[in-house]
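A.B. asks: PDB, C-alpha atoms, saved as target-v2.pdb, coming up:
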```
ATOM      1  CA  MET A1205      15.218   2.815 -16.350
ATOM      2  CA  ASN A1206      13.433   6.125 -15.694
ATOM      3  CA  ILE A1207      10.971   6.127 -12.795
ATOM      4  CA  LEU A1208       8.712   8.852 -11.389
ATOM      5  CA  VAL A1209       7.586   8.297  -7.800
ATOM      6  CA  ILE A1210       4.368  10.196  -7.045
ATOM      7  CA  GLY A1211       4.070  10.515  -3.273
ATOM      8  CA  SER A1212       7.217  10.926  -1.211
ATOM      9  CA  GLY A1213       6.105   9.440   2.077
ATOM     10  CA  ALA A1214       7.493   6.369   3.820
ATOM     11  CA  ILE A1215       7.058   3.893   0.997
ATOM     12  CA  GLY A1216       7.871   6.368  -1.783
ATOM     13  CA  ILE A1217      11.193   7.348  -0.230
ATOM     14  CA  ALA A1218      12.063   3.728   0.600
ATOM     15  CA  LEU A1219      11.349   2.479  -2.918
ATOM     16  CA  GLY A1220      13.017   5.457  -4.570
ATOM     17  CA  THR A1221      16.138   5.019  -2.470
ATOM     18  CA  SER A1222      16.180   1.297  -3.240
ATOM     19  CA  LEU A1223      15.954   1.785  -7.008
ATOM     20  CA  ILE A1224      18.531   4.575  -7.098
ATOM     21  CA  SER A1225      20.950   2.235  -5.323
ATOM     22  CA  GLU A1226      20.437  -0.226  -8.189
ATOM     23  CA  GLY A1227      21.169   2.327 -10.904
ATOM     24  CA  ALA A1228      17.685   3.546 -11.828
ATOM     25  CA  ASN A1229      17.093   7.190 -12.737
ATOM     26  CA  VAL A1230      14.474   8.193 -10.169
ATOM     27  CA  SER A1231      12.482  11.419  -9.855
ATOM     28  CA  PHE A1232       9.980  12.311  -7.146
ATOM     29  CA  TYR A1233       6.800  14.371  -7.131
ATOM     30  CA  ALA A1234       6.318  15.852  -3.667
ATOM     31  CA  THR A1235       4.822  18.714  -1.715
ATOM     32  CA  LYS A1236       7.013  21.781  -1.309
ATOM     33  CA  ASN A1237       7.727  21.013   2.350
ATOM     34  CA  THR A1238       8.759  17.433   1.581
ATOM     35  CA  ALA A1239      10.841  18.571  -1.391
ATOM     36  CA  LYS A1240      12.699  20.978   0.883
ATOM     37  CA  SER A1241      13.539  18.197   3.335
ATOM     38  CA  MET A1242      14.691  15.946   0.493
ATOM     39  CA  SER A1243      17.250  18.551  -0.556
ATOM     40  CA  ASN A1244      19.519  17.082   2.141
ATOM     41  CA  GLY A1245      19.415  13.574   0.663
ATOM     42  CA  ILE A1246      17.217  10.582   1.437
ATOM     43  CA  ARG A1247      17.776   7.412   3.438
ATOM     44  CA  ARG A1248      16.357   3.931   3.853
ATOM     45  CA  THR A1249      16.960   2.440   7.290
ATOM     46  CA  GLY A1250      15.535  -0.395   9.342
ATOM     47  CA  ILE A1251      15.640  -4.168   9.208
ATOM     48  CA  PHE A1252      17.283  -4.471   5.788
ATOM     49  CA  LYS A1253      20.529  -2.857   4.680
ATOM     50  CA  HIS A1254      20.720   0.888   5.143
ATOM     51  CA  ILE A1255      20.996   3.046   2.019
ATOM     52  CA  SER A1256      21.851   6.743   1.795
ATOM     53  CA  VAL A1257      21.423   8.738  -1.416
ATOM     54  CA  ASN A1258      22.759  12.225  -2.111
ATOM     55  CA  SER A1259      20.333  14.831  -3.427
ATOM     56  CA  SER A1260      22.453  15.134  -6.579
ATOM     57  CA  ASP A1261      21.373  11.595  -7.516
ATOM     58  CA  TYR A1262      17.663  12.386  -7.988
ATOM     59  CA  THR A1263      15.269  15.194  -8.894
ATOM     60  CA  VAL A1264      12.245  16.364  -6.904
ATOM     61  CA  PHE A1265       9.372  18.130  -8.657
ATOM     62  CA  THR A1266       6.601  20.106  -6.986
ATOM     63  CA  SER A1267       4.753  20.975 -10.219
ATOM     64  CA  TYR A1268       3.699  18.691 -13.056
ATOM     65  CA  MET A1269       4.625  21.450 -15.480
ATOM     66  CA  ASP A1270       8.302  20.957 -14.615
ATOM     67  CA  ILE A1271       8.326  17.200 -15.180
ATOM     68  CA  PRO A1272      10.037  16.098 -18.424
ATOM     69  CA  ARG A1273       7.689  14.924 -21.170
ATOM     70  CA  GLY A1274       7.760  11.457 -22.720
ATOM     71  CA  PHE A1275      10.501  10.345 -20.373
ATOM     72  CA  TYR A1276       9.321   7.809 -17.783
ATOM     73  CA  ASP A1277       9.190   4.020 -18.138
ATOM     74  CA  TYR A1278       7.324   3.497 -14.864
ATOM     75  CA  ILE A1279       5.165   5.686 -12.633
ATOM     76  CA  PHE A1280       4.958   4.588  -8.999
ATOM     77  CA  ILE A1281       1.822   5.689  -7.129
ATOM     78  CA  CYS A1282       2.843   5.896  -3.466
ATOM     79  CA  THR A1283       0.258   8.382  -2.219
ATOM     80  CA  LYS A1284      -2.536   7.669   0.216
ATOM     81  CA  THR A1285      -5.596   6.076  -1.383
ATOM     82  CA  ILE A1286      -7.809   8.974  -0.321
ATOM     83  CA  ILE A1287      -6.400  11.157  -3.120
ATOM     84  CA  ASN A1288      -6.496   8.587  -5.941
ATOM     85  CA  GLU A1289      -9.223  10.429  -7.822
ATOM     86  CA  GLU A1290      -7.193  13.628  -7.730
ATOM     87  CA  VAL A1291      -3.883  11.960  -8.618
ATOM     88  CA  SER A1292      -5.296   9.880 -11.480
ATOM     89  CA  LYS A1293      -6.969  12.906 -13.040
ATOM     90  CA  LYS A1294      -3.838  15.024 -12.692
ATOM     91  CA  LEU A1295      -1.718  12.281 -14.212
ATOM     92  CA  TYR A1296      -4.104  11.997 -17.154
ATOM     93  CA  GLU A1297      -4.071  15.757 -17.697
ATOM     94  CA  ASN A1298      -0.268  15.515 -17.840
ATOM     95  CA  ARG A1299      -0.118  12.183 -19.656
ATOM     96  CA  ASP A1300       2.509  13.510 -22.049
ATOM     97  CA  ILE A1301       5.099  12.801 -19.322
ATOM     98  CA  LEU A1302       4.476   9.116 -20.085
ATOM     99  CA  LYS A1303       5.896   7.142 -22.983
ATOM    100  CA  GLU A1304       3.571   5.056 -25.149
ATOM    101  CA  ASP A1305       4.367   1.950 -23.095
ATOM    102  CA  THR A1306       4.804   3.488 -19.634
ATOM    103  CA  LYS A1307       3.416   1.319 -16.830
ATOM    104  CA  ILE A1308       1.704   2.694 -13.722
ATOM    105  CA  ILE A1309       2.285   0.656 -10.548
ATOM    106  CA  ILE A1310       0.126   1.356  -7.495
ATOM    107  CA  PHE A1311       1.843   0.724  -4.139
ATOM    108  CA  GLN A1312      -1.045   1.225  -1.718
ATOM    109  CA  ASN A1313      -3.103  -0.445   0.979
ATOM    110  CA  GLY A1314      -6.502  -1.841   0.137
ATOM    111  CA  TYR A1315      -8.179  -3.472  -2.837
ATOM    112  CA  GLY A1316      -9.428  -2.003  -6.119
ATOM    113  CA  ASN A1317      -7.164   1.041  -6.091
ATOM    114  CA  ASP A1318      -6.612   0.662  -9.844
ATOM    115  CA  GLU A1319     -10.231   1.692 -10.503
ATOM    116  CA  ALA A1320      -9.472   5.428 -10.366
ATOM    117  CA  TYR A1321      -6.634   5.037 -12.892
ATOM    118  CA  LEU A1322      -8.560   2.743 -15.242
ATOM    119  CA  LYS A1323     -10.937   5.646 -15.861
ATOM    120  CA  TYR A1324      -8.117   7.267 -17.837
ATOM    121  CA  PHE A1325      -5.600   4.563 -18.755
ATOM    122  CA  SER A1326      -5.903   1.136 -20.413
ATOM    123  CA  LYS A1327      -5.748  -2.137 -18.483
ATOM    124  CA  ASP A1328      -2.342  -3.012 -19.924
ATOM    125  CA  ARG A1329      -0.848   0.121 -18.374
ATOM    126  CA  VAL A1330      -2.177  -0.058 -14.805
ATOM    127  CA  TYR A1331      -0.716  -2.500 -12.283
ATOM    128  CA  CYS A1332      -0.732  -2.933  -8.509
ATOM    129  CA  ALA A1333       1.568  -4.181  -5.764
ATOM    130  CA  ARG A1334       0.981  -6.285  -2.665
ATOM    131  CA  VAL A1335       3.164  -4.752   0.036
ATOM    132  CA  ILE A1336       3.161  -6.485   3.402
ATOM    133  CA  THR A1337       6.335  -4.792   4.599
ATOM    134  CA  GLY A1338       6.073  -2.057   7.216
ATOM    135  CA  PHE A1339       7.442   1.420   6.423
ATOM    136  CA  LYS A1340       7.619   4.422   8.727
ATOM    137  CA  ARG A1341       8.833   7.915   7.855
ATOM    138  CA  VAL A1342      10.892   8.703  10.949
ATOM    139  CA  GLU A1343      12.104  11.984   9.407
ATOM    140  CA  PRO A1344      10.686  13.824   6.348
ATOM    141  CA  ASN A1345      13.549  12.416   4.248
ATOM    142  CA  ILE A1346      14.126   9.082   6.034
ATOM    143  CA  SER A1347      12.058   5.895   5.662
ATOM    144  CA  GLN A1348      12.497   3.102   8.174
ATOM    145  CA  ILE A1349      11.528  -0.475   7.311
ATOM    146  CA  THR A1350      10.044  -1.723  10.575
ATOM    147  CA  VAL A1351       8.755  -5.215   9.805
ATOM    148  CA  HIS A1352       8.592  -7.713   6.953
ATOM    149  CA  THR A1353       6.675 -10.956   6.540
ATOM    150  CA  ALA A1354       6.453 -11.641   2.760
ATOM    151  CA  PRO A1355       7.889 -10.339  -0.534
ATOM    152  CA  ILE A1356       6.517  -7.319  -2.375
ATOM    153  CA  LEU A1357       4.522  -8.760  -5.283
ATOM    154  CA  LEU A1358       3.805  -6.880  -8.527
ATOM    155  CA  GLY A1359       0.992  -7.798 -10.884
ATOM    156  CA  SER A1360      -2.350  -6.955 -12.460
ATOM    157  CA  LEU A1361      -5.896  -7.041 -11.122
ATOM    158  CA  GLN A1362      -7.068  -7.145 -14.750
ATOM    159  CA  GLY A1363      -5.376 -10.382 -15.801
ATOM    160  CA  LYS A1364      -2.507  -8.740 -17.685
ATOM    161  CA  ASP A1365       0.967 -10.273 -18.032
ATOM    162  CA  PRO A1366       3.117  -9.138 -15.073
ATOM    163  CA  SER A1367       6.410  -9.986 -16.787
ATOM    164  CA  VAL A1368       6.712  -6.345 -17.934
ATOM    165  CA  LEU A1369       7.273  -5.501 -14.254
ATOM    166  CA  GLN A1370      10.052  -8.042 -13.690
ATOM    167  CA  PRO A1371      12.879  -5.484 -14.105
ATOM    168  CA  VAL A1372      11.328  -3.409 -11.289
ATOM    169  CA  ALA A1373      10.835  -6.448  -9.056
ATOM    170  CA  ASP A1374      14.425  -7.513  -9.650
ATOM    171  CA  MET A1375      15.815  -4.092  -8.706
ATOM    172  CA  ILE A1376      13.754  -3.891  -5.501
ATOM    173  CA  ASN A1377      14.818  -7.434  -4.642
ATOM    174  CA  ASN A1378      18.483  -6.732  -5.344
ATOM    175  CA  SER A1379      18.321  -3.650  -3.099
ATOM    176  CA  GLY A1380      17.542  -5.929  -0.167
ATOM    177  CA  ILE A1381      13.730  -5.980  -0.029
ATOM    178  CA  PRO A1382      12.396  -9.352  -1.272
ATOM    179  CA  SER A1383      10.243  -8.761  -4.364
ATOM    180  CA  ASP A1384       8.820 -10.618  -7.379
ATOM    181  CA  THR A1385       5.969 -10.611  -9.891
ATOM    182  CA  THR A1386       2.828 -12.762  -9.770
ATOM    183  CA  ARG A1387      -0.052 -13.749 -12.032
ATOM    184  CA  GLU A1388      -2.254 -14.197  -8.954
ATOM    185  CA  LEU A1389      -2.216 -10.702  -7.505
ATOM    186  CA  PRO A1390      -5.938 -10.629  -6.538
ATOM    187  CA  LYS A1391      -5.383 -13.664  -4.312
ATOM    188  CA  TYR A1392      -2.427 -12.054  -2.583
ATOM    189  CA  LEU A1393      -4.143  -8.692  -2.178
ATOM    190  CA  TRP A1394      -7.136 -10.361  -0.533
ATOM    191  CA  ALA A1395      -4.750 -12.161   1.794
ATOM    192  CA  LYS A1396      -3.379  -8.755   2.720
ATOM    193  CA  MET A1397      -6.919  -7.428   3.188
ATOM    194  CA  LEU A1398      -7.546 -10.200   5.717
ATOM    195  CA  TYR A1399      -4.431  -9.069   7.550
ATOM    196  CA  ASN A1400      -4.787  -5.272   7.243
ATOM    197  CA  CYS A1401      -8.524  -4.997   7.867
ATOM    198  CA  THR A1402      -8.177  -7.086  11.011
ATOM    199  CA  LEU A1403      -5.168  -5.285  12.496
ATOM    200  CA  ASN A1404      -4.954  -1.727  11.151
ATOM    201  CA  PRO A1405      -8.136  -0.082  12.430
ATOM    202  CA  LEU A1406      -8.316  -1.966  15.727
ATOM    203  CA  GLY A1407      -4.688  -1.136  16.505
ATOM    204  CA  ALA A1408      -5.419   2.494  15.659
ATOM    205  CA  ILE A1409      -8.528   2.678  17.824
ATOM    206  CA  LEU A1410      -6.695   1.212  20.817
ATOM    207  CA  ASN A1411      -3.370   2.969  20.074
ATOM    208  CA  VAL A1412      -1.303  -0.227  20.227
ATOM    209  CA  LYS A1413       1.140  -2.156  18.051
ATOM    210  CA  TYR A1414      -0.066  -5.232  16.174
ATOM    211  CA  GLY A1415       1.306  -7.750  18.649
ATOM    212  CA  LYS A1416      -0.588  -6.327  21.616
ATOM    213  CA  LEU A1417      -3.881  -7.141  19.922
ATOM    214  CA  THR A1418      -3.181 -10.870  20.302
ATOM    215  CA  GLU A1419      -2.615 -10.628  24.053
ATOM    216  CA  ASN A1420      -6.154  -9.726  25.066
ATOM    217  CA  GLN A1421      -9.189 -12.017  24.902
ATOM    218  CA  TYR A1422     -11.476  -9.138  23.960
ATOM    219  CA  THR A1423      -9.423  -7.961  20.988
ATOM    220  CA  ILE A1424      -8.933 -11.571  19.883
ATOM    221  CA  GLU A1425     -12.711 -12.011  19.859
ATOM    222  CA  ILE A1426     -13.136  -8.869  17.725
ATOM    223  CA  MET A1427     -10.398  -9.964  15.318
ATOM    224  CA  ASP A1428     -11.947 -13.421  14.979
ATOM    225  CA  LYS A1429     -15.257 -11.836  13.986
ATOM    226  CA  LEU A1430     -13.534  -9.541  11.480
ATOM    227  CA  ILE A1431     -11.732 -12.493   9.912
ATOM    228  CA  ASP A1432     -14.973 -14.488   9.654
ATOM    229  CA  GLU A1433     -16.756 -11.630   7.886
ATOM    230  CA  ILE A1434     -13.893 -10.822   5.506
ATOM    231  CA  PHE A1435     -13.426 -14.495   4.620
ATOM    232  CA  ASN A1436     -17.140 -14.797   3.881
ATOM    233  CA  VAL A1437     -16.958 -11.753   1.594
ATOM    234  CA  ILE A1438     -13.969 -13.233  -0.257
ATOM    235  CA  THR A1439     -15.600 -16.603  -0.897
ATOM    236  CA  THR A1440     -19.108 -15.294  -1.615
ATOM    237  CA  ALA A1441     -17.842 -12.709  -4.105
ATOM    238  CA  GLY A1442     -15.863 -15.374  -5.971
ATOM    239  CA  PHE A1443     -12.352 -14.398  -4.918
ATOM    240  CA  SER A1444      -9.821 -16.844  -3.525
ATOM    241  CA  VAL A1445      -6.981 -17.055  -1.015
ATOM    242  CA  ASP A1446      -4.584 -19.825  -0.049
ATOM    243  CA  TRP A1447      -6.583 -20.860   3.020
ATOM    244  CA  SER A1448      -9.623 -23.123   2.743
ATOM    245  CA  SER A1449     -11.386 -21.666   5.779
ATOM    246  CA  ALA A1450     -11.311 -18.787   8.216
ATOM    247  CA  ASP A1451     -10.057 -21.172  10.903
ATOM    248  CA  GLU A1452      -7.127 -22.212   8.722
ATOM    249  CA  TYR A1453      -6.251 -18.566   8.132
ATOM    250  CA  ARG A1454      -6.505 -17.786  11.850
ATOM    251  CA  ASP A1455      -3.950 -20.500  12.616
ATOM    252  CA  GLU A1456      -1.355 -18.783  10.426
ATOM    253  CA  PHE A1457      -2.455 -15.288  11.465
ATOM    254  CA  TYR A1458      -1.817 -15.915  15.161
ATOM    255  CA  SER A1459       1.186 -18.244  14.794
ATOM    256  CA  LYS A1460       3.194 -16.422  12.099
ATOM    257  CA  LEU A1461       1.785 -13.259  10.535
ATOM    258  CA  VAL A1462       1.265 -11.235  13.692
ATOM    259  CA  PRO A1463       4.422 -12.472  15.481
ATOM    260  CA  ASP A1464       6.449 -11.509  12.376
ATOM    261  CA  THR A1465       5.052  -7.970  12.575
ATOM    262  CA  TYR A1466       4.588  -7.727  16.358
ATOM    263  CA  GLU A1467       6.246  -4.314  16.704
ATOM    264  CA  HIS A1468       4.542  -2.634  13.746
ATOM    265  CA  VAL A1469       2.481   0.512  14.224
ATOM    266  CA  SER A1470      -0.274   0.473  11.616
ATOM    267  CA  SER A1471      -0.430   3.123   8.908
ATOM    268  CA  THR A1472      -3.947   3.886  10.145
ATOM    269  CA  LEU A1473      -2.611   4.730  13.592
ATOM    270  CA  GLN A1474       0.257   6.744  12.090
ATOM    271  CA  ASP A1475      -2.299   8.791  10.130
ATOM    272  CA  ILE A1476      -4.464   9.369  13.202
ATOM    273  CA  GLN A1477      -1.458  10.458  15.244
ATOM    274  CA  LYS A1478      -0.774  13.079  12.556
ATOM    275  CA  LYS A1479      -4.491  13.988  12.456
ATOM    276  CA  HIS A1480      -4.697  12.897   8.829
ATOM    277  CA  ASN A1481      -7.657  11.094   7.277
ATOM    278  CA  THR A1482      -6.988   7.366   6.977
ATOM    279  CA  GLU A1483      -7.314   4.808   4.168
ATOM    280  CA  ILE A1484     -10.195   3.035   5.906
ATOM    281  CA  ASP A1485     -12.431   3.348   2.811
ATOM    282  CA  SER A1486      -9.992   1.207   0.802
ATOM    283  CA  LEU A1487      -9.738  -1.324   3.624
ATOM    284  CA  ASN A1488     -12.786  -2.193   5.731
ATOM    285  CA  GLY A1489     -14.852   0.199   3.621
ATOM    286  CA  LYS A1490     -14.161  -1.986   0.575
ATOM    287  CA  VAL A1491     -15.099  -5.110   2.523
ATOM    288  CA  ILE A1492     -18.360  -3.453   3.540
ATOM    289  CA  SER A1493     -19.288  -2.336   0.008
ATOM    290  CA  ILE A1494     -18.645  -5.785  -1.482
ATOM    291  CA  GLY A1495     -20.325  -7.478   1.473
ATOM    292  CA  GLU A1496     -23.455  -5.392   1.023
ATOM    293  CA  GLU A1497     -23.443  -6.122  -2.713
ATOM    294  CA  TYR A1498     -23.462  -9.869  -1.991
ATOM    295  CA  ASN A1499     -25.675  -9.737   1.128
ATOM    296  CA  VAL A1500     -22.889 -10.882   3.462
ATOM    297  CA  ASP A1501     -23.036  -9.870   7.116
ATOM    298  CA  VAL A1502     -20.275  -7.310   7.769
ATOM    299  CA  THR A1503     -21.563  -5.921  11.073
ATOM    300  CA  THR A1504     -18.232  -5.969  12.916
ATOM    301  CA  ASN A1505     -16.445  -4.323   9.991
ATOM    302  CA  LYS A1506     -19.105  -1.591   9.991
ATOM    303  CA  ILE A1507     -18.596  -0.902  13.689
ATOM    304  CA  ILE A1508     -14.818  -0.666  13.284
ATOM    305  CA  TYR A1509     -15.222   1.497  10.180
ATOM    306  CA  ASP A1510     -17.620   3.865  11.968
ATOM    307  CA  MET A1511     -15.232   4.216  14.911
ATOM    308  CA  ILE A1512     -12.367   5.252  12.624
ATOM    309  CA  LYS A1513     -14.653   7.713  10.850
ATOM    310  CA  ALA A1514     -15.730   9.121  14.218
ATOM    311  CA  ILE A1515     -12.089   9.694  15.144
ATOM    312  CA  GLU A1516     -11.451  11.382  11.778
ATOM    313  CA  SER A1517     -14.433  13.668  12.269
ATOM    314  CA  GLN A1518     -12.649  15.262  15.229
ATOM    315  CA  PHE A1519      -9.641  16.440  13.202
TER     316      PHE A1519
END
```
Please render this file's structure as structure tokens.
C.D. replies:
Amino acid sequence: MNILVIGSGAIGIALGTSLISEGANVSFYATKNTAKSMSNGIRRTGIFKHISVNSSDYTVFTSYMDIPRGFYDYIFICTKTIINEEVSKKLYENRDILKEDTKIIIFQNGYGNDEAYLKYFSKDRVYCARVITGFKRVEPNISQITVHTAPILLGSLQGKDPSVLQPVADMINNSGIPSDTTRELPKYLWAKMLYNCTLNPLGAILNVKYGKLTENQYTIEIMDKLIDEIFNVITTAGFSVDWSSADEYRDEFYSKLVPDTYEHVSSTLQDIQKKHNTEIDSLNGKVISIGEEYNVDVTTNKIIYDMIKAIESQF
């Protein structure tokens, strides 16, 4: 199995390391600075088994011109969502690196991230992943798995058969990170949106880990309003989740989901700490755009969104 990982941040390094440990032939596309750090090997640490990989066991490219043509079975998109337009266009311009049946799998936060890639590639080639595992790049070449509450799920937002991704899911699973395929990916991604859009930006604004947000009556009140709005968007727009009401979701959110990930520092906060633009447009921004399309009140989401944008404007 030949895999190209585009984006060598926390999740890219973790997934690449995992697949190499299971015998896959993995290459990375990275910035020059990241490529330099990866010349000393890469590591996956944290709550699952630790894996170290020597630099001789993978290749890092910094130019698309150097990437072998017609070689890769899967392309993993592990970049931030904010550069999807750029990455999808670049990948299309260099589409001869793909085989005729190469699958693109998008490992990102948010909903609808396949849209940028569907401009250039057919629906049976573009897939997404629900990742509700926490990754943190503690060193440029080391990814730490900080928290985990549910398996990585691979599938299609376009109704395509996910069985073509089973070999990838099996390898990730066998490396120690629970993983599988699903025919119901939209449902699971919206469940993650409920979770991420409630915790990520608020934790970033207040500079706290997820768990701290449940220990304050004021943040609980804000999160309850966010959940109500997001749930209304989901049901009004015709999507579905496993919970029949916002109250039912809140019960699991406060009793299991947040306790399982109590110590996690959100990716939004990690970006802000590095003075990088966040993925807020793919998170609460997506909720807002769909909410406005269906005339659903998303006032609290707008306030949170505007606060993150205000922070970004100071970078």
A.B. asks: Which residue out of A:Ile1301, A:Ile1308, A:Val1500, A:Val1351 has the minimum interatomic distance to A:Asp1270 when all atoms listed in the file are used?
C.D. replies: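 Result for the nearest residue to A:Asp1270: A:Ile1301.
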A.B. asks: Let me know the residues the PyMOL selection byres ((chain A and resi 1415) around 9) catches in the file above, as a ChimeraX atom specification.
C.D. replies: /A:1412-1414,1416-1419,1462-1468
A.B. asks: Counting all atoms listed in the file, what are the residues of stretch 1317-1411 of chain A within 9 Å of stretch 1294-1297 of chain A, and for each of them which pair of atoms is the nearest and at what distance in Å, to one decimal? Sort the table by chain and rising number, as CSV.
C.D. replies:
```
residue,atom,partner,partner_atom,distance
A:Tyr1321,CA,A:Tyr1296,CA,8.5
A:Tyr1324,CA,A:Tyr1296,CA,6.2
A:Phe1325,CA,A:Tyr1296,CA,7.8
```
A.B. asks: From the list A:Lys1327, A:Phe1435, A:Ile1476, A:Ser1383, which residue is nearest A:Ala1514 when using only C-alpha atoms?
C.D. replies: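 Result for the nearest residue to A:Ala1514: A:Ile1476.
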A.B. asks: Find the spatial neighbours of stretch 1287-1293 of chain A, counting all atoms listed in the file, within a cut-off of 10 Å - ignore same-chain residues fewer than 4 positions away - and output them as a VMD selection string.
C.D. replies: chain A and resid 1210 to 1211 1281 1283 1297 to 1299 1310 1317 to 1325 1483
A.B. asks: Starting from the displayed file, determine the output of the PyMOL selection byres ((chain A and resi 1265) around 7) and express the residue list as a JSON list (two decimals) with C-alpha atoms, keeping the file's coordinate frame.
C.D. replies:
```json
[["chain", "number", "residue", "atom", "x", "y", "z"],
["A", 1232, "PHE", "CA", 9.98, 12.31, -7.15],
["A", 1233, "TYR", "CA", 6.80, 14.37, -7.13],
["A", 1234, "ALA", "CA", 6.32, 15.85, -3.67],
["A", 1263, "THR", "CA", 15.27, 15.19, -8.89],
["A", 1264, "VAL", "CA", 12.24, 16.36, -6.90],
["A", 1266, "THR", "CA", 6.60, 20.11, -6.99],
["A", 1267, "SER", "CA", 4.75, 20.98, -10.22],
["A", 1270, "ASP", "CA", 8.30, 20.96, -14.62],
["A", 1271, "ILE", "CA", 8.33, 17.20, -15.18]]
```
A.B. asks: Please, what distance in Å, to one decimal, runs between atom CA of A:Ile1376 and atom CA of A:Asn1400?
C.D. replies: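 Going from atom CA of A:Ile1376 over to atom CA of A:Asn1400, I get 22.5 Å.
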A.B. asks: Kindly give the distance, in Å, that separates atom CA of A:Ile1246 and atom CA of A:Lys1303, rounded to a single decimal.
C.D. replies: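 Separation of atom CA of A:Ile1246 and atom CA of A:Lys1303: 27.1 Å.
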A.B. asks: Quick one: of A:Asp1365, A:Glu1456, A:Glu1343, A:Asp1277, who's nearest to A:Leu1302, counting all atoms listed in the file?
C.D. replies: A:Asp1277
A.B. asks: Write out as an MDAnalysis selection string the residues lying within 8 Å of stretch 1389-1396 of chain A, counting all atoms listed in the file and excluding same-chain residues fewer than 3 positions away.
C.D. replies: chainID A and resid 1314:1315 1332:1334 1336 1357:1361 1386 1399:1400 1438 1443:1446
A.B. asks: So what do you get for atom CA of A:Leu1473 versus atom CA of A:Val1335, distance-wise?
C.D. replies: 17.5 Å
A.B. asks: The PyMOL selection byres ((chain A and resi 1337) around 9) - which residues does that actually catch in the file I just gave you? List them as a ChimeraX atom specification.
C.D. replies: /A:1335-1336,1338-1339,1349-1356,1381,1465
A.B. asks: Determine, counting all atoms listed in the file, which protein, DNA and RNA residues have an atom within 12 Å of an atom of A:Ala1228; residues of the same chain fewer than 5 positions away are not included. Present the result as a VMD selection string.
C.D. replies: chain A and resid 1205 to 1209 1219 to 1223 1261 to 1262 1276 to 1278 1371 to 1372 1374 to 1376 1379
A.B. asks: For A:Thr1285, which residue out of A:Asp1305, A:Asp1485, A:Glu1226, A:Glu1425 is the nearest one, using all atoms listed in the file?
C.D. replies: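 The closest residue to A:Thr1285 is A:Asp1485.
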A.B. asks: Under the rule that only C-alpha atoms are counted, which of A:Ile1309, A:Leu1430, A:Ile1251, A:Leu1369 is the nearest residue to A:Leu1398?
C.D. replies: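 Checking each candidate against A:Leu1398, we get A:Leu1430 as the closest.
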